[in-house]
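File shown: data.txt (compact mmCIF, C-alpha atoms and all ligand atoms).
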# COMPACT_ATOMS: atom_id res chain seq x y z
CA MET S 1 41.69 44.30 -12.17
CA HIS S 2 43.48 46.27 -14.87
CA PRO S 3 43.47 45.15 -18.52
CA GLU S 4 47.14 44.05 -18.29
CA THR S 5 46.19 41.60 -15.54
CA LEU S 6 42.82 40.59 -16.98
CA ALA S 7 44.50 39.68 -20.27
CA LEU S 8 46.54 37.05 -18.43
CA HIS S 9 44.15 35.94 -15.67
CA HIS S 10 40.66 35.95 -17.17
CA SER S 11 40.12 32.22 -17.41
CA ASP S 12 39.71 29.41 -14.92
CA PHE S 13 41.09 26.93 -17.48
CA LYS S 14 43.43 24.26 -16.17
CA ASP S 15 44.97 21.57 -18.39
CA LYS S 16 44.16 18.39 -16.47
CA ASN S 17 46.09 16.10 -18.82
CA ALA S 18 49.55 17.66 -19.05
CA ALA S 19 49.43 20.70 -16.76
CA ALA S 20 50.47 22.80 -19.76
CA VAL S 21 50.82 26.51 -18.97
CA VAL S 22 49.64 27.49 -22.44
CA PRO S 23 46.22 26.08 -23.38
CA PRO S 24 46.35 23.27 -25.94
CA LEU S 25 44.62 23.50 -29.30
CA TYR S 26 41.39 21.49 -29.50
CA LEU S 27 40.97 20.47 -33.12
CA SER S 28 38.29 17.86 -32.44
CA THR S 29 35.03 18.74 -34.18
CA THR S 30 32.99 16.47 -31.92
CA TYR S 31 32.81 15.64 -28.20
CA GLU S 32 32.12 12.34 -26.47
CA ARG S 33 29.08 11.69 -24.31
CA ASP S 34 29.48 10.00 -20.92
CA GLU S 35 27.65 6.94 -19.59
CA ASN S 36 24.64 9.08 -18.68
CA TYR S 37 24.52 10.43 -22.25
CA GLU S 38 25.60 13.84 -20.92
CA LEU S 39 28.28 16.14 -22.33
CA PRO S 40 30.83 16.37 -19.49
CA GLN S 41 32.19 19.83 -20.43
CA GLY S 42 29.13 21.02 -22.33
CA TYR S 43 30.82 20.77 -25.73
CA LEU S 44 28.84 18.96 -28.43
CA TYR S 45 30.07 19.99 -31.86
CA THR S 46 32.61 22.66 -32.71
CA ARG S 47 30.24 24.98 -34.60
CA ALA S 48 28.22 25.34 -31.38
CA GLY S 49 31.24 25.66 -29.11
CA ASN S 50 34.90 24.79 -28.68
CA PRO S 51 37.26 25.14 -25.69
CA ASN S 52 39.60 27.52 -27.53
CA ARG S 53 36.68 29.73 -28.58
CA HIS S 54 35.28 29.62 -25.06
CA GLN S 55 38.63 30.78 -23.62
CA LEU S 56 38.83 33.63 -26.13
CA GLU S 57 35.25 34.67 -25.37
CA GLN S 58 36.06 34.76 -21.65
CA ALA S 59 39.02 37.03 -22.36
CA LEU S 60 36.93 39.36 -24.53
CA ALA S 61 34.14 39.63 -21.94
CA ALA S 62 36.65 40.34 -19.16
CA LEU S 63 38.52 43.01 -21.13
CA GLU S 64 35.40 44.89 -22.22
CA GLY S 65 33.56 44.43 -18.92
CA GLY S 66 30.65 42.59 -20.57
CA SER S 67 28.66 39.60 -19.40
CA GLU S 68 28.53 37.81 -22.79
CA ALA S 69 31.10 37.66 -25.59
CA MET S 70 31.00 35.88 -28.93
CA ALA S 71 33.96 35.28 -31.21
CA PHE S 72 33.42 35.24 -34.99
CA ALA S 73 35.31 34.31 -38.12
CA SER S 74 35.81 38.01 -38.97
CA GLY S 75 34.80 41.49 -37.90
CA GLN S 76 32.31 41.58 -40.75
CA ALA S 77 30.74 38.31 -39.54
CA ALA S 78 30.28 39.93 -36.11
CA THR S 79 28.66 43.05 -37.62
CA MET S 80 26.49 40.92 -39.86
CA THR S 81 25.27 38.80 -36.94
CA LEU S 82 24.30 41.85 -34.94
CA LEU S 83 22.39 43.31 -37.90
CA GLN S 84 20.69 39.94 -38.45
CA CYS S 85 19.22 40.32 -34.95
CA LEU S 86 17.07 43.12 -36.42
CA LYS S 87 14.11 42.60 -38.72
CA ALA S 88 12.67 43.89 -41.97
CA GLY S 89 11.30 47.41 -41.52
CA ASP S 90 13.79 48.36 -38.81
CA HIS S 91 16.08 51.35 -39.28
CA VAL S 92 19.70 51.85 -38.24
CA LEU S 93 21.81 54.98 -37.78
CA ILE S 94 25.44 54.70 -38.79
CA PRO S 95 28.31 57.20 -38.71
CA ASP S 96 29.07 59.22 -41.85
CA ASP S 97 32.70 58.22 -41.33
CA ALA S 98 33.12 54.53 -40.58
CA TYR S 99 34.94 51.41 -41.69
CA TYR S 100 33.71 51.15 -45.30
CA GLY S 101 32.52 47.56 -44.84
CA THR S 102 29.84 48.57 -42.31
CA PRO S 103 27.76 50.78 -44.64
CA ALA S 104 28.62 48.39 -47.49
CA LEU S 105 26.94 45.50 -45.63
CA LEU S 106 23.85 47.62 -45.04
CA GLN S 107 23.73 48.94 -48.60
CA GLU S 108 24.62 45.78 -50.53
CA LEU S 109 23.03 43.12 -48.36
CA PHE S 110 20.55 44.23 -45.75
CA LEU S 111 18.67 46.78 -47.87
CA LEU S 112 17.44 43.85 -50.00
CA TRP S 113 16.02 42.31 -46.82
CA GLY S 114 14.18 45.44 -45.76
CA LEU S 115 16.56 46.92 -43.18
CA THR S 116 17.08 50.63 -43.85
CA PHE S 117 19.79 52.98 -42.62
CA THR S 118 20.79 56.62 -42.47
CA LYS S 119 24.31 57.99 -42.31
CA VAL S 120 24.70 60.69 -39.69
CA ASP S 121 27.50 62.72 -38.14
CA THR S 122 27.65 60.91 -34.78
CA THR S 123 29.84 63.67 -33.31
CA ASP S 124 26.74 65.91 -33.52
CA LEU S 125 24.00 65.05 -30.98
CA ALA S 126 21.44 67.31 -32.63
CA ALA S 127 22.03 65.60 -35.99
CA ILE S 128 21.50 62.18 -34.39
CA LYS S 129 18.27 63.33 -32.72
CA GLU S 130 16.99 64.64 -36.02
CA ALA S 131 17.76 61.35 -37.81
CA ILE S 132 15.89 59.13 -35.33
CA ARG S 133 12.65 57.72 -36.79
CA PRO S 134 9.86 55.72 -35.15
CA GLU S 135 11.32 52.53 -36.68
CA THR S 136 14.92 53.25 -35.62
CA GLN S 137 16.28 50.43 -33.45
CA LEU S 138 20.01 50.91 -33.25
CA ILE S 139 22.78 53.52 -33.31
CA TRP S 140 26.11 52.26 -34.61
CA LEU S 141 29.18 54.12 -33.37
CA GLU S 142 32.81 53.92 -34.31
CA THR S 143 35.25 56.09 -32.42
CA PRO S 144 37.88 57.07 -33.35
CA SER S 145 36.44 56.59 -36.83
CA ASN S 146 37.95 55.26 -40.00
CA PRO S 147 39.67 57.01 -41.74
CA LEU S 148 39.06 60.54 -40.39
CA LEU S 149 39.48 59.74 -36.67
CA LYS S 150 36.30 61.58 -35.75
CA VAL S 151 35.51 61.21 -32.05
CA SER S 152 31.95 60.50 -30.90
CA ASP S 153 30.95 61.09 -27.29
CA LEU S 154 30.05 57.58 -26.12
CA THR S 155 28.47 58.74 -22.84
CA ALA S 156 26.26 61.36 -24.49
CA VAL S 157 25.22 59.26 -27.50
CA SER S 158 24.45 56.13 -25.49
CA LYS S 159 22.37 58.26 -23.10
CA LEU S 160 20.44 59.70 -26.05
CA ALA S 161 19.96 56.16 -27.40
CA ARG S 162 18.55 54.97 -24.06
CA GLU S 163 16.16 57.92 -23.90
CA HIS S 164 14.78 56.89 -27.30
CA GLY S 165 14.72 53.15 -26.54
CA LEU S 166 17.51 52.43 -29.02
CA LEU S 167 20.43 50.09 -28.74
CA SER S 168 23.92 51.66 -28.91
CA VAL S 169 26.72 49.63 -30.44
CA CYS S 170 30.35 50.68 -30.62
CA ASP S 171 32.97 49.35 -33.01
CA ASN S 172 35.91 49.49 -30.60
CA THR S 173 38.49 48.05 -33.00
CA TRP S 174 40.69 51.15 -33.17
CA ALA S 175 40.72 52.09 -29.50
CA THR S 176 40.82 48.57 -27.99
CA PRO S 177 39.46 47.92 -24.48
CA VAL S 178 42.82 48.99 -23.05
CA LEU S 179 42.21 52.60 -24.09
CA GLN S 180 38.42 52.80 -24.12
CA ARG S 181 35.62 50.72 -22.59
CA PRO S 182 32.32 51.63 -24.29
CA LEU S 183 30.20 49.36 -22.06
CA ASP S 184 31.38 51.30 -18.98
CA LEU S 185 30.33 54.53 -20.72
CA GLY S 186 26.77 53.33 -21.38
CA CYS S 187 26.86 51.39 -24.67
CA ASP S 188 25.00 48.09 -24.93
CA VAL S 189 27.26 46.19 -27.31
CA VAL S 190 30.90 46.35 -28.42
CA MET S 191 32.01 45.02 -31.79
CA HIS S 192 35.62 44.18 -32.74
CA SER S 193 37.62 43.19 -35.70
CA THR S 194 40.06 41.07 -33.68
CA THR S 195 42.08 40.88 -36.91
CA LYS S 196 43.58 44.21 -35.84
CA TYR S 197 45.01 45.08 -32.40
CA LEU S 198 43.67 42.11 -30.44
CA GLY S 199 45.35 39.57 -32.73
CA GLY S 200 48.08 42.14 -33.15
CA HIS S 201 50.40 40.38 -35.59
CA SER S 202 48.60 40.60 -38.97
CA ASP S 203 48.27 36.82 -39.12
CA VAL S 204 44.70 35.96 -38.11
CA LEU S 205 41.20 37.08 -39.12
CA GLY S 206 38.53 37.37 -36.45
CA GLY S 207 35.68 39.35 -34.96
CA ALA S 208 33.75 39.70 -31.74
CA LEU S 209 30.57 40.96 -30.13
CA VAL S 210 30.53 41.74 -26.42
CA PHE S 211 27.20 42.41 -24.70
CA LYS S 212 26.88 44.41 -21.50
CA GLN S 213 23.99 42.20 -20.38
CA LYS S 214 22.82 38.80 -21.33
CA SER S 215 19.57 39.65 -23.13
CA GLU S 216 17.10 38.50 -25.76
CA MET S 217 19.41 40.05 -28.33
CA SER S 218 22.57 38.36 -27.06
CA GLU S 219 20.76 35.01 -27.09
CA ARG S 220 19.57 35.69 -30.61
CA ALA S 221 23.12 36.58 -31.68
CA ARG S 222 24.39 33.32 -30.15
CA GLN S 223 21.69 31.41 -32.03
CA ILE S 224 22.62 33.10 -35.33
CA GLN S 225 26.29 32.33 -34.69
CA THR S 226 25.56 28.64 -34.06
CA LEU S 227 23.07 28.22 -36.90
CA GLY S 228 24.85 30.45 -39.40
CA GLY S 229 28.28 29.06 -38.64
CA ALA S 230 30.41 32.21 -39.06
CA VAL S 231 32.70 30.85 -36.36
CA PRO S 232 36.48 31.13 -36.06
CA SER S 233 38.61 27.98 -36.20
CA PRO S 234 40.17 26.74 -32.93
CA PHE S 235 43.59 27.90 -34.15
CA ASP S 236 42.23 31.35 -35.04
CA CYS S 237 40.89 31.60 -31.48
CA TRP S 238 44.19 30.41 -30.05
CA LEU S 239 46.10 33.07 -32.02
CA VAL S 240 43.79 35.91 -31.00
CA ALA S 241 43.90 34.75 -27.38
CA ARG S 242 47.70 34.76 -27.53
CA GLY S 243 47.71 38.24 -29.07
CA ILE S 244 45.50 39.56 -26.28
CA LYS S 245 48.17 38.72 -23.69
CA THR S 246 50.44 41.49 -25.02
CA LEU S 247 47.70 43.89 -26.16
CA ALA S 248 48.18 46.42 -23.38
CA VAL S 249 51.92 46.94 -23.86
CA ARG S 250 51.57 47.03 -27.62
CA ILE S 251 48.77 49.60 -27.79
CA ARG S 252 50.39 51.83 -25.18
CA GLN S 253 53.65 51.93 -27.14
CA GLN S 254 51.86 52.33 -30.47
CA SER S 255 49.89 55.25 -29.01
CA ALA S 256 53.06 56.89 -27.73
CA ASN S 257 54.69 56.45 -31.16
CA ALA S 258 51.60 57.77 -32.97
CA GLN S 259 51.46 60.83 -30.70
CA ARG S 260 55.06 61.70 -31.57
CA LEU S 261 54.55 61.14 -35.30
CA ALA S 262 51.34 63.20 -35.29
CA GLU S 263 53.08 66.14 -33.59
CA PHE S 264 56.00 65.90 -36.01
CA LEU S 265 53.76 65.74 -39.10
CA GLU S 266 51.50 68.56 -37.91
CA ASN S 267 54.49 70.90 -37.98
CA HIS S 268 55.80 69.76 -41.35
CA ALA S 269 55.44 72.18 -44.28
CA ALA S 270 54.55 69.39 -46.76
CA ILE S 271 51.58 68.25 -44.68
CA GLU S 272 48.21 69.96 -45.03
CA ARG S 273 46.42 68.30 -42.14
CA VAL S 274 46.87 65.59 -39.52
CA HIS S 275 43.89 63.71 -38.10
CA TYR S 276 44.82 62.41 -34.64
CA PRO S 277 42.71 62.83 -31.48
CA GLY S 278 45.85 63.29 -29.37
CA LEU S 279 46.50 66.68 -31.02
CA THR S 280 44.99 69.71 -29.27
CA SER S 281 44.01 70.98 -32.74
CA HIS S 282 41.73 67.94 -33.27
CA PRO S 283 38.01 68.84 -32.91
CA GLY S 284 37.40 65.71 -30.80
CA HIS S 285 40.44 66.15 -28.56
CA LYS S 286 38.51 67.02 -25.37
CA VAL S 287 36.03 64.17 -25.71
CA ALA S 288 38.87 61.77 -26.55
CA GLN S 289 40.75 62.84 -23.42
CA ARG S 290 37.64 62.11 -21.37
CA GLN S 291 36.87 58.68 -22.78
CA MET S 292 40.25 57.33 -23.88
CA ILE S 293 43.36 56.67 -21.80
CA LEU S 294 45.66 57.35 -24.78
CA SER S 295 44.80 58.39 -28.34
CA GLY S 296 45.61 55.14 -30.14
CA GLY S 297 47.98 53.94 -32.83
CA MET S 298 46.08 55.16 -35.91
CA LEU S 299 46.45 58.50 -37.66
CA SER S 300 45.62 59.96 -41.06
CA VAL S 301 47.51 62.69 -42.89
CA GLN S 302 46.58 64.83 -45.84
CA VAL S 303 49.65 65.81 -47.83
CA ARG S 304 49.82 69.06 -49.79
CA GLY S 305 48.56 68.17 -53.25
CA GLY S 306 46.42 65.27 -54.43
CA LYS S 307 46.60 61.55 -55.09
CA GLU S 308 49.80 61.86 -57.13
CA GLU S 309 51.69 63.64 -54.33
CA ALA S 310 50.34 61.19 -51.75
CA LEU S 311 51.53 58.19 -53.76
CA ALA S 312 54.92 59.79 -54.48
CA PHE S 313 55.43 60.26 -50.72
CA VAL S 314 54.46 56.65 -49.96
CA LYS S 315 56.90 55.36 -52.60
CA LYS S 316 59.85 57.00 -50.83
CA LEU S 317 59.14 55.42 -47.42
CA ASN S 318 61.32 52.52 -46.26
CA LEU S 319 59.89 51.53 -42.87
CA PHE S 320 56.16 51.78 -43.62
CA THR S 321 54.79 48.82 -45.56
CA VAL S 322 52.24 49.90 -48.16
CA ALA S 323 49.29 47.69 -47.32
CA THR S 324 45.75 47.83 -46.03
CA SER S 325 44.69 46.77 -42.52
CA LEU S 326 46.07 47.91 -39.18
CA GLY S 327 46.89 47.01 -35.62
CA GLY S 328 49.90 44.79 -36.27
CA VAL S 329 53.38 45.25 -34.84
CA GLU S 330 54.72 46.67 -38.13
CA SER S 331 53.89 50.15 -39.43
CA LEU S 332 51.56 50.23 -42.43
CA ILE S 333 50.51 53.08 -44.71
CA GLU S 334 47.65 53.12 -47.15
CA HIS S 335 46.04 55.39 -49.73
CA ARG S 336 42.57 54.80 -48.37
CA ALA S 337 40.59 56.24 -51.28
CA SER S 338 42.15 53.67 -53.67
CA THR S 339 41.10 50.82 -51.37
CA GLU S 340 37.57 52.15 -50.89
CA GLY S 341 36.91 52.54 -54.62
CA PRO S 342 35.30 55.13 -56.89
CA ASP S 343 32.37 56.06 -54.58
CA THR S 344 34.63 57.05 -51.69
CA LEU S 345 34.31 60.38 -49.91
CA THR S 346 37.80 59.98 -48.43
CA PRO S 347 40.07 62.81 -49.65
CA GLN S 348 42.47 61.79 -52.45
CA ASN S 349 45.45 63.32 -50.61
CA LEU S 350 44.79 61.27 -47.46
CA LEU S 351 47.06 58.51 -46.21
CA ARG S 352 46.13 56.31 -43.29
CA VAL S 353 48.93 55.15 -41.02
CA SER S 354 48.90 52.23 -38.61
CA VAL S 355 51.82 53.03 -36.35
CA GLY S 356 53.83 49.97 -35.33
CA LEU S 357 56.36 49.12 -32.67
CA GLU S 358 59.48 50.37 -34.46
CA HIS S 359 61.35 53.11 -32.57
CA ALA S 360 59.56 56.44 -33.05
CA ASP S 361 62.85 58.19 -33.93
CA ASP S 362 63.43 55.79 -36.83
CA LEU S 363 59.86 56.20 -38.07
CA MET S 364 60.16 59.99 -37.85
CA ALA S 365 63.48 59.99 -39.75
CA ASP S 366 61.88 57.89 -42.48
CA LEU S 367 58.91 60.25 -42.80
CA ASP S 368 61.28 63.21 -42.83
CA GLN S 369 63.42 61.88 -45.68
CA ALA S 370 60.34 60.93 -47.71
CA LEU S 371 58.82 64.40 -47.27
CA ALA S 372 62.05 66.22 -48.14
CA GLY S 373 61.61 68.32 -51.26
CA MET S 374 57.86 67.79 -51.45
C1 LIG S 401 38.92 45.77 -40.23
C2 LIG S 401 37.77 46.44 -39.59
C3 LIG S 401 36.49 45.86 -39.63
C4 LIG S 401 36.19 44.59 -40.39
O1 LIG S 401 36.80 43.48 -39.81
P1 LIG S 401 37.33 42.18 -40.61
O2 LIG S 401 38.02 41.41 -39.55
O3 LIG S 401 38.22 42.67 -41.70
O4 LIG S 401 36.13 41.51 -41.16
C5 LIG S 401 35.47 46.52 -38.97
N1 LIG S 401 35.68 47.69 -38.33
C6 LIG S 401 36.89 48.27 -38.28
C7 LIG S 401 37.05 49.57 -37.56
C8 LIG S 401 37.97 47.67 -38.91
O5 LIG S 401 39.18 48.27 -38.86

What would you get if you wrote out this structure as structure tokens?
Ligand SMILES: *Cc1c(COP(=O)(O)O)cnc(C)c1O
Amino acid sequence: MHPETLALHHSDFKDKNAAAVVPPLYLSTTYERDENYELPQGYLYTRAGNPNRHQLEQALAALEGGSEAMAFASGQAATMTLLQCLKAGDHVLIPDDAYYGTPALLQELFLLWGLTFTKVDTTDLAAIKEAIRPETQLIWLETPSNPLLKVSDLTAVSKLAREHGLLSVCDNTWATPVLQRPLDLGCDVVMHSTTKYLGGHSDVLGGALVFKQKSEMSERARQIQTLGGAVPSPFDCWLVARGIKTLAVRIRQQSANAQRLAEFLENHAAIERVHYPGLTSHPGHKVAQRQMILSGGMLSVQVRGGKEEALAFVKKLNLFTVATSLGGVESLIEHRASTEGPDTLTPQNLLRVSVGLEHADDLMADLDQALAGM
């Protein structure tokens, strides 16, 4: 089945009490045993499992084509759980351009516990090969990447990982399973911040891991989730599950809008550079065309000038809310270097745009008026 259909028909859940079409919210933290001291539905205590979380996990597994999915309280909790499956002395490769929280977790937390890492340009196979050490266990991928929209070849990198006995993990937050399915391309695990496109309405925090195969590692991740307790609330799960129902139409429209905005901005005299894989000028365009159905709703632009010019442009916009995060129905724009802090390598003239569901003509007119005279 296609993602549009899977998003609506992934679960065998039936409401036996009221025949409700929409699943009810199960707030109970504990579940009653029957006369044989068994748990009739398998639920014991909500940290270990909850019907709303179970439904969400079924949706995530179906959409990504995995056999095991786990929902977490945030994207960072999902990343953290996967890294906690490794041990002291292990080594991880991560992209040189990635969501800033991923290297921050490794640097600020896991280094103290003996897990080491190397940043590498994951668009360059030779560079990855060179960075692999005997103790390397895992290659982390994020494509398109944040905030430069670099495109890594999931088929080629996951093949290289397999040849070296390494696990390949893809943060699929930006592409979503509607546009890109890393497990089909050879990756072992998909990670999501469901806070973004899957939730889709900027009103719930969540994360996920989806495993291609049930394995020692997936069981370990489940154990860490249950013991560690970084679980989403039933209502968080309910909201993400609701968001998933409209994911396909949202991301398709957001991609179409982003494509139009990227083409418009690329030809504007006040813009130095546009980073969007849907542009033929983008270095990852060919790979993106191969592994993505559309190019996604995220783009970054570098304005002519520096931070001052970038912020002056942002100030004149009316339809783009100046805020961090992405993947909601409203368009957002952000000066990424300010959010990432003083150590950032992100260019000071770069603005990251999460393109929403407004009409593309209106968004373009707003960009045009804000760029006038720059
Ligand atoms: C937001 C984001 C994360 C972190 O997820 P949270 O839900 O904020 O914890 C990880 N990766 C990417 C690509 C993101 O955009």

* Which of S:Leu205, S:Ala48, S:Leu198, S:Ala248 sits closest to ligand LIG 401 (chain S) [using all atoms listed in the file] ->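 Counting all atoms listed in the file, the residue closest to ligand LIG 401 (chain S) is S:Leu205.
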
* Asked: How would you write, as a PyMOL selection string, the set of residues no farther than 8 Å from ligand LIG 401 (chain S) when counting all atoms listed in the file?
  -> chain S and resi 73-79+98-99+101-102+142+145-146+171-174+191-196+205-207+325-326

* Asked: Given the choices S:Val303, S:Ala71, S:Leu265, S:Leu63, which gets closest to Val231 (chain S) if the distance is worked out from only C-alpha atoms?
  ->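 Smallest separation from Val231 (chain S) among the options: S:Ala71.
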
* Asked: Could you list as a list in words every residue that has an atom within 7 Å of (32.9, 38.2, -28.6), using the file's coordinates and counting all atoms listed in the file?
  -> Glu57, Leu60, Ala61, Ala69, Met70, Ala71, Ala208, Leu209 and Val210 of chain S

* Give me, please, the distance in Å between CA of Thr339 (chain S) and CA of Asp124 (chain S), quoted to one decimal. => 27.4 Å

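Minimum atom-to-atom distance to Leu154 (chain S), evaluated using only C-alpha atoms, belongs to S:Arg290 out of S:Arg290, S:Arg220, S:Arg252, S:His335.
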
* Asked: Out of S:Ile271, S:Val329, S:Cys237, S:Leu279, which residue has the shortest atom-to-atom distance to Val249 (chain S) when counting all atoms listed in the file?
  ->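 Between S:Ile271, S:Val329, S:Cys237, S:Leu279, the residue approaching Val249 (chain S) most closely is S:Val329.
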
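Using all atoms listed in the file for every distance, the candidate list S:Gly200, S:Pro177, S:Gly186, S:Gly42 yields S:Gly186 as the residue closest to Lys159 (chain S).
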